[in-house]
Amino acid sequence: MRRDHADPANSPRRNDWQTIKTLAPYLWPAGETALRMRVVLAVLFLAAAKGASVAVPYIYKQTIDALDVKQGALIAVPVMALIAYGVARVLSQALGELRDAVFAKVAQRAIRQAGLKTFRHLHRLSLRFHLDRKTGGVSRAVERGTKGIEFLLRFMLFNVVPTLVEVILTCGILWYLFGIWMALVAFLTIGIYIFWTLAVTEWRIQFRRTMNDTDNEANTKAIDSLLNFETVKYFGNEDHESRRFDKALARYEDAAVKSNTSLALLNIGQGAIIAVGLTMIMWMAADGVVAGTMTIGDFAMVNAYLIQLYMPLNFLGFVYREIKQSLIDMEQMFRLLDENPEVADSPGAVPLAIKGGELRFENVSFAYDARREVLNDISFTVPAGKTVAIVGPSGSGKSTISRLLFRFYDVSGGRITIDGQDVRDLTQVSLRAAIGMVPQDTVLFNDTVFYNIAYGRPGASPAEVEGAARTAQIHDFIMALPDGYQSTVGERGLKLSGGEKQRVAIARTVLKAPAILIFDEATSALDSRTEQDIVKALKTVSKDRTTVTVAHRLSTVVDADEILVLEAGRIVERGSHPDLLAMNGRYADMWARQQQQEKAREALVDEDPGISVRAAAESPAAE
């Protein structure tokens with residue numbers, strides 16, 4: 001079931017085990033024998049490193065006892081013991097480094113695969129999700145989640161688990177050599193330390209969650225403001241935007257202060273627990289030396305074991321905090337993967353087989369919200385190679401028709417077919433490959449003009465891209481740019497005018513060469529002269545192709561084979577341009593008003609020829 005949670009911060013919480021379970025397949029990747037061997041080899045290096053680490057204090061004890069003259073006359077320096085001590089220390093570090101080197105590829109592959117899977121999943125989600133989402137929060141969740149994976153894999157596998165194993169081994173050695181009481185004190189000290197660390201860290205997590213949420217909020221506001229830079233400037237709202245951003249930063253500041261002050265409490269408690277436990281065990285060891293039941297070497301060994309144990313335990317506090325933070329970061333990213341696409345391929349979906357491109361809407365009804373129907377019992381046919389135009393007032397449902405055809409949404413009732421094939425039975429990839437779209441609001445990638453045109457068919461040759469640009473009447477403009485086709489268009493294409501962006505979009509669709517074309521206000525941003533040139537070009541492009549044209553300017557659709565007049569989600573009139581004028585109904589009224597507006601513009605041009613281009617470009621759209 002789909003959930004309306006475009007912002008991961010608002011989705012239901014996952015527990016830590018759910019997050020770890022989601023990560024597990026990346027640690028032991030299916031079909032990746034080489035990576036699995038690396039995991040096994042890393043574990044072997046880990047075991048060998050811990051074995052060498054546990055042996056160091058014992059070799060240290062043997063060396064001290066050999067130097068203790070009370071045990072007998074010192075004849076020579078215990079060379080072999082010292083060499084063994086050095087070798088053990090070197091092996092302990094070297095094997096640990098080898099473990100990290102071997103495992104690095106596994107960790108980086110996991111980061112890559114998880115990030116890629118999330119990215120692909122975001123593109124599979126429905127249009128409704130992306131209309132509701134907060135881009136800044138989503139991008140931040142993915143960024144932090146991928147970083148959290150590396151930390152979790154490295155430290156949980158190679159720090160937390162090995163440290164707990166070392167704790168058990170050390171307590172076992174103390175019990176075996178010096179009795180249960182010393183082992184019990186060491187075990188209780190470690191247990192209290194771990195309990196304190198977990199309890200306080202769990203309490204502190206609320207502050208980290210708040211920091212994450214407010215960080216997402218601040219990032220979202222910043223991105224939204226910068227993307228709408230011109231609008232901010234139009235209204236002089238720089239200070240307003242700064243205040244909104246600062247409010248989010250202030251909430252982050254408050255949570256960060258609480259997090260840092262609570263960290264001091266955690267560290268003080270950890271230090272006190274370790275100090276008390278270490279003092280008690282060393283007192284017991286010193287008493288054993290005085291009583292003659294332990295040697296000086298035993299005393300040194302106990303101290304070495306405890307220091308060797310408490311150092312990673314002290315680090316364990318930091319690691320646990322960071323692991324919890326990583327789990328929170330990963331939780332937000334993996335919650336995105338829990339979002340189910342509203343529109344998905346059916347189990348038996350097949351590729352679209354184009355046999356001409358006949359498009360048919362059969363009693364189609366649709367509602368974005370069940371309380372308000374957008375389309376009501378719409379039926380029409382676009383024969384293969386013909387053109388049907390859809391006109392009507394804003395909000396009548398014109399653009400919804402193209403969204404349904406692309407299967408951004410599924411119909412509530414009725415069906416849509418292409419050459420008799422229900423679009424719900426087709427794979428989305430094949431369906432969308434057969435349809436070309438020139439939208440009303442063209443958004444370009446922040447890349448070159450060449451890239452944006454070639455996006456219609458990645459891998460197209462420069463000659464093909466140039467040919468598409470010529471058809472869209474934009475080649476000469478591109479060549480006049482300082483860097484020609486390699487000129488960048490800026491964020492969302494802001495370096496280009498509305499008309500220039502629209503022509504790039506037309507060129508992109510021309511290059512795609514689809515069987516079915518949809519023009520959704522394709523000339524709305526163009527002046528009258530350019531509009532006529534583009535209309536001619538579009539006629540050439542749409543020749544022998546099934547075409548649906550959504551328009552406000554009726555002058556662009558007079559040659560359509562059929563014109564549908566949409567109002568309140570219903571077809572109220574249909575026919576050719578002459579037929580509709582003869583009806584003297586809604587279409588005729590729209591045509592008359594647009595003709596009056598055109599005459600008014602021409603009158604303005606006659607009075608002041610200098611405003612001709614501007615007046616044409618700013619001509620009002622029909623209702």
# chains A, B, ... in the order shown; residues from 1 in each chain; ligands from 1
$ residues_around --residues "region 92-94 of chain A" --least-positions-apart "2" --cutoff "8 Å" --atoms "only C-alpha atoms" --output "list of chain:residue names"
A:Ala48, A:Ala49, A:Lys50, A:Gly51, A:Ala52, A:Ser53, A:Ala88, A:Arg89, A:Val90, A:Gly96, A:Glu97, A:Leu98
$ write_last_selection --atoms "N, CA, C and O atoms" --output "mmCIF file, in the first residue's frame"
data_model
loop_
_atom_site.group_PDB
_atom_site.id
_atom_site.type_symbol
_atom_site.label_atom_id
_atom_site.label_comp_id
_atom_site.auth_asym_id
_atom_site.auth_seq_id
_atom_site.Cartn_x
_atom_site.Cartn_y
_atom_site.Cartn_z
ATOM 1 N N ALA A 48 42.911 -13.600 13.679
ATOM 2 C CA ALA A 48 44.353 -13.683 13.923
ATOM 3 C C ALA A 48 44.856 -12.452 14.660
ATOM 4 O O ALA A 48 45.710 -12.547 15.566
ATOM 5 N N ALA A 49 44.335 -11.279 14.301
ATOM 6 C CA ALA A 49 44.757 -10.047 14.969
ATOM 7 C C ALA A 49 44.373 -10.063 16.438
ATOM 8 O O ALA A 49 45.161 -9.670 17.314
ATOM 9 N N LYS A 50 43.164 -10.538 16.746
ATOM 10 C CA LYS A 50 42.732 -10.593 18.140
ATOM 11 C C LYS A 50 43.524 -11.635 18.917
ATOM 12 O O LYS A 50 43.843 -11.453 20.096
ATOM 13 N N GLY A 51 43.878 -12.744 18.257
ATOM 14 C CA GLY A 51 44.716 -13.747 18.919
ATOM 15 C C GLY A 51 46.065 -13.175 19.296
ATOM 16 O O GLY A 51 46.559 -13.373 20.415
ATOM 17 N N ALA A 52 46.679 -12.429 18.362
ATOM 18 C CA ALA A 52 47.972 -11.796 18.650
ATOM 19 C C ALA A 52 47.821 -10.751 19.746
ATOM 20 O O ALA A 52 48.686 -10.604 20.621
ATOM 21 N N SER A 53 46.717 -10.024 19.744
ATOM 22 C CA SER A 53 46.482 -8.983 20.737
ATOM 23 C C SER A 53 46.345 -9.572 22.144
ATOM 24 O O SER A 53 46.903 -9.049 23.114
ATOM 25 N N ALA A 88 54.389 -10.141 18.244
ATOM 26 C CA ALA A 88 52.957 -10.171 18.566
ATOM 27 C C ALA A 88 52.319 -8.803 18.386
ATOM 28 O O ALA A 88 51.204 -8.678 17.852
ATOM 29 N N ARG A 89 53.015 -7.766 18.834
ATOM 30 C CA ARG A 89 52.472 -6.413 18.694
ATOM 31 C C ARG A 89 52.377 -6.008 17.223
ATOM 32 O O ARG A 89 51.382 -5.402 16.779
ATOM 33 N N VAL A 90 53.426 -6.318 16.458
ATOM 34 C CA VAL A 90 53.413 -5.990 15.034
ATOM 35 C C VAL A 90 52.292 -6.740 14.315
ATOM 36 O O VAL A 90 51.558 -6.169 13.493
ATOM 37 N N GLY A 96 45.349 -6.293 11.539
ATOM 38 C CA GLY A 96 44.200 -5.387 11.550
ATOM 39 C C GLY A 96 44.151 -4.514 10.300
ATOM 40 O O GLY A 96 43.090 -4.277 9.715
ATOM 41 N N GLU A 97 45.322 -4.019 9.886
ATOM 42 C CA GLU A 97 45.384 -3.204 8.675
ATOM 43 C C GLU A 97 45.046 -4.035 7.438
ATOM 44 O O GLU A 97 44.358 -3.565 6.521
ATOM 45 N N LEU A 98 45.543 -5.264 7.378
ATOM 46 C CA LEU A 98 45.224 -6.144 6.257
ATOM 47 C C LEU A 98 43.723 -6.426 6.201
ATOM 48 O O LEU A 98 43.123 -6.482 5.120
#
$ closest_residue --among "A:Val43, A:Val438, A:Thr197, A:Pro393" --to "Ile273 (chain A)" --atoms "only C-alpha atoms"
A:Thr197
$ residues_around --residues "region 374-382 of chain A" --least-positions-apart "3" --cutoff "7 Å" --atoms "only C-alpha atoms" --output "MDAnalysis selection string"
chainID A and resid 358:367 386:388 397 546 569:571
$ residues_around --residues "Ile20 (chain A)" --least-positions-apart "3" --cutoff "10 Å" --atoms "only C-alpha atoms" --output "PyMOL selection string"
chain A and resi 15-17+23-25+149+152-153+327+330-331
$ write_last_selection --atoms "C-alpha atoms" --output "PDB file, in the first residue's frame"
ATOM      1  CA  ASN A  15      13.961  -0.183  14.451  1.00  0.00           C
ATOM      2  CA  ASP A  16      17.720  -0.807  14.364  1.00  0.00           C
ATOM      3  CA  TRP A  17      17.359  -4.512  13.575  1.00  0.00           C
ATOM      4  CA  LEU A  23      21.939  -3.858   5.045  1.00  0.00           C
ATOM      5  CA  ALA A  24      22.875  -7.551   5.471  1.00  0.00           C
ATOM      6  CA  PRO A  25      22.529  -8.556   1.781  1.00  0.00           C
ATOM      7  CA  ILE A 149      26.812   2.372   5.722  1.00  0.00           C
ATOM      8  CA  LEU A 152      28.557   0.778  10.344  1.00  0.00           C
ATOM      9  CA  LEU A 153      30.283  -1.933   8.310  1.00  0.00           C
ATOM     10  CA  LEU A 327      21.624   3.614  11.916  1.00  0.00           C
ATOM     11  CA  MET A 330      20.511   4.712   7.161  1.00  0.00           C
ATOM     12  CA  GLU A 331      17.005   4.410   8.566  1.00  0.00           C
TER      13      GLU A 331
END
$ closest_residue --among "A:Val411, A:Ile416, A:Thr471, A:Leu227" --to "Gly493 (chain A)" --atoms "only C-alpha atoms"
A:Leu227
$ atom_distance --atom1 "CA of Asp329 (chain A)" --atom2 "CA of Arg251 (chain A)"
18.8 Å
$ residues_around --residues "Val39 (chain A)" --least-positions-apart "4" --cutoff "8 Å" --atoms "only C-alpha atoms" --output "ChimeraX atom specification"
/A:27-28,35,43,102-103,106
$ write_last_selection --atoms "C-alpha atoms" --output "PDB file, in the first residue's frame"
ATOM      1  CA  LEU A  27      27.578  -7.460   3.249  1.00  0.00           C
ATOM      2  CA  TRP A  28      27.177 -10.922   1.710  1.00  0.00           C
ATOM      3  CA  LEU A  35      33.470 -10.230  -2.526  1.00  0.00           C
ATOM      4  CA  VAL A  43      37.184 -12.301   9.330  1.00  0.00           C
ATOM      5  CA  VAL A 102      40.714  -6.576   2.241  1.00  0.00           C
ATOM      6  CA  PHE A 103      37.295  -5.418   3.428  1.00  0.00           C
ATOM      7  CA  VAL A 106      33.196  -4.881   0.205  1.00  0.00           C
TER       8      VAL A 106
END
$ select_by_dssp --residues "region 370-467 of chain A" --states "strand (DSSP E or B)" --output "list in words"
Arg372, Leu375, Asn376, Asp377, Ile378, Ser379, Phe380, Thr381, Val382, Thr387, Val388, Ala389, Ile390, Val391, Gly413, Gly414, Arg415, Ile416, Thr417, Ile418, Gln421, Asp422, Leu426, Ile435, Gly436, Met437, Val438 and Thr448 of chain A
$ residues_around --residues "Gln428 (chain A)" --least-positions-apart "5" --cutoff "8 Å" --atoms "only C-alpha atoms" --output "list in words"
Ala344, Asp345 and Arg407 of chain A
$ residues_around --residues "region 537-544 of chain A" --least-positions-apart "4" --cutoff "8 Å" --atoms "only C-alpha atoms" --output "list of chain:residue names"
A:Ala384, A:Gly385, A:Lys386, A:Thr471, A:Ala472, A:Gln473, A:Val510, A:Leu517, A:Asp533
$ atom_distance --atom1 "CA of Val79 (chain A)" --atom2 "CA of Asp65 (chain A)"
13.2 Å
$ atom_distance --atom1 "CA of Phe229 (chain A)" --atom2 "CA of Thr214 (chain A)"
22.3 Å
$ closest_residue --among "A:Arg243, A:Tyr451, A:Phe178, A:Val56" --to "Val289 (chain A)" --atoms "only C-alpha atoms"
A:Phe178
$ closest_atom_pairs --of "region 414-446 of chain A" --to "region 348-357 of chain A" --cutoff "9 Å" --atoms "only C-alpha atoms" --output "Markdown table"
| residue | atom | partner | partner_atom | distance |
| --- | --- | --- | --- | --- |
| A:Ile418 | CA | A:Gly357 | CA | 6.1 |
| A:Asp419 | CA | A:Gly357 | CA | 5.7 |
| A:Gln421 | CA | A:Leu352 | CA | 7.6 |
| A:Val423 | CA | A:Leu352 | CA | 8.3 |
| A:Arg424 | CA | A:Ala349 | CA | 7.8 |
| A:Asp425 | CA | A:Ala349 | CA | 5.0 |
| A:Leu426 | CA | A:Ala349 | CA | 4.8 |
| A:Thr427 | CA | A:Ala349 | CA | 5.3 |
| A:Gln428 | CA | A:Pro351 | CA | 8.3 |
| A:Val429 | CA | A:Pro351 | CA | 8.0 |
| A:Ser430 | CA | A:Pro351 | CA | 5.4 |
| A:Leu431 | CA | A:Leu352 | CA | 5.9 |
| A:Ala434 | CA | A:Ile354 | CA | 8.1 |
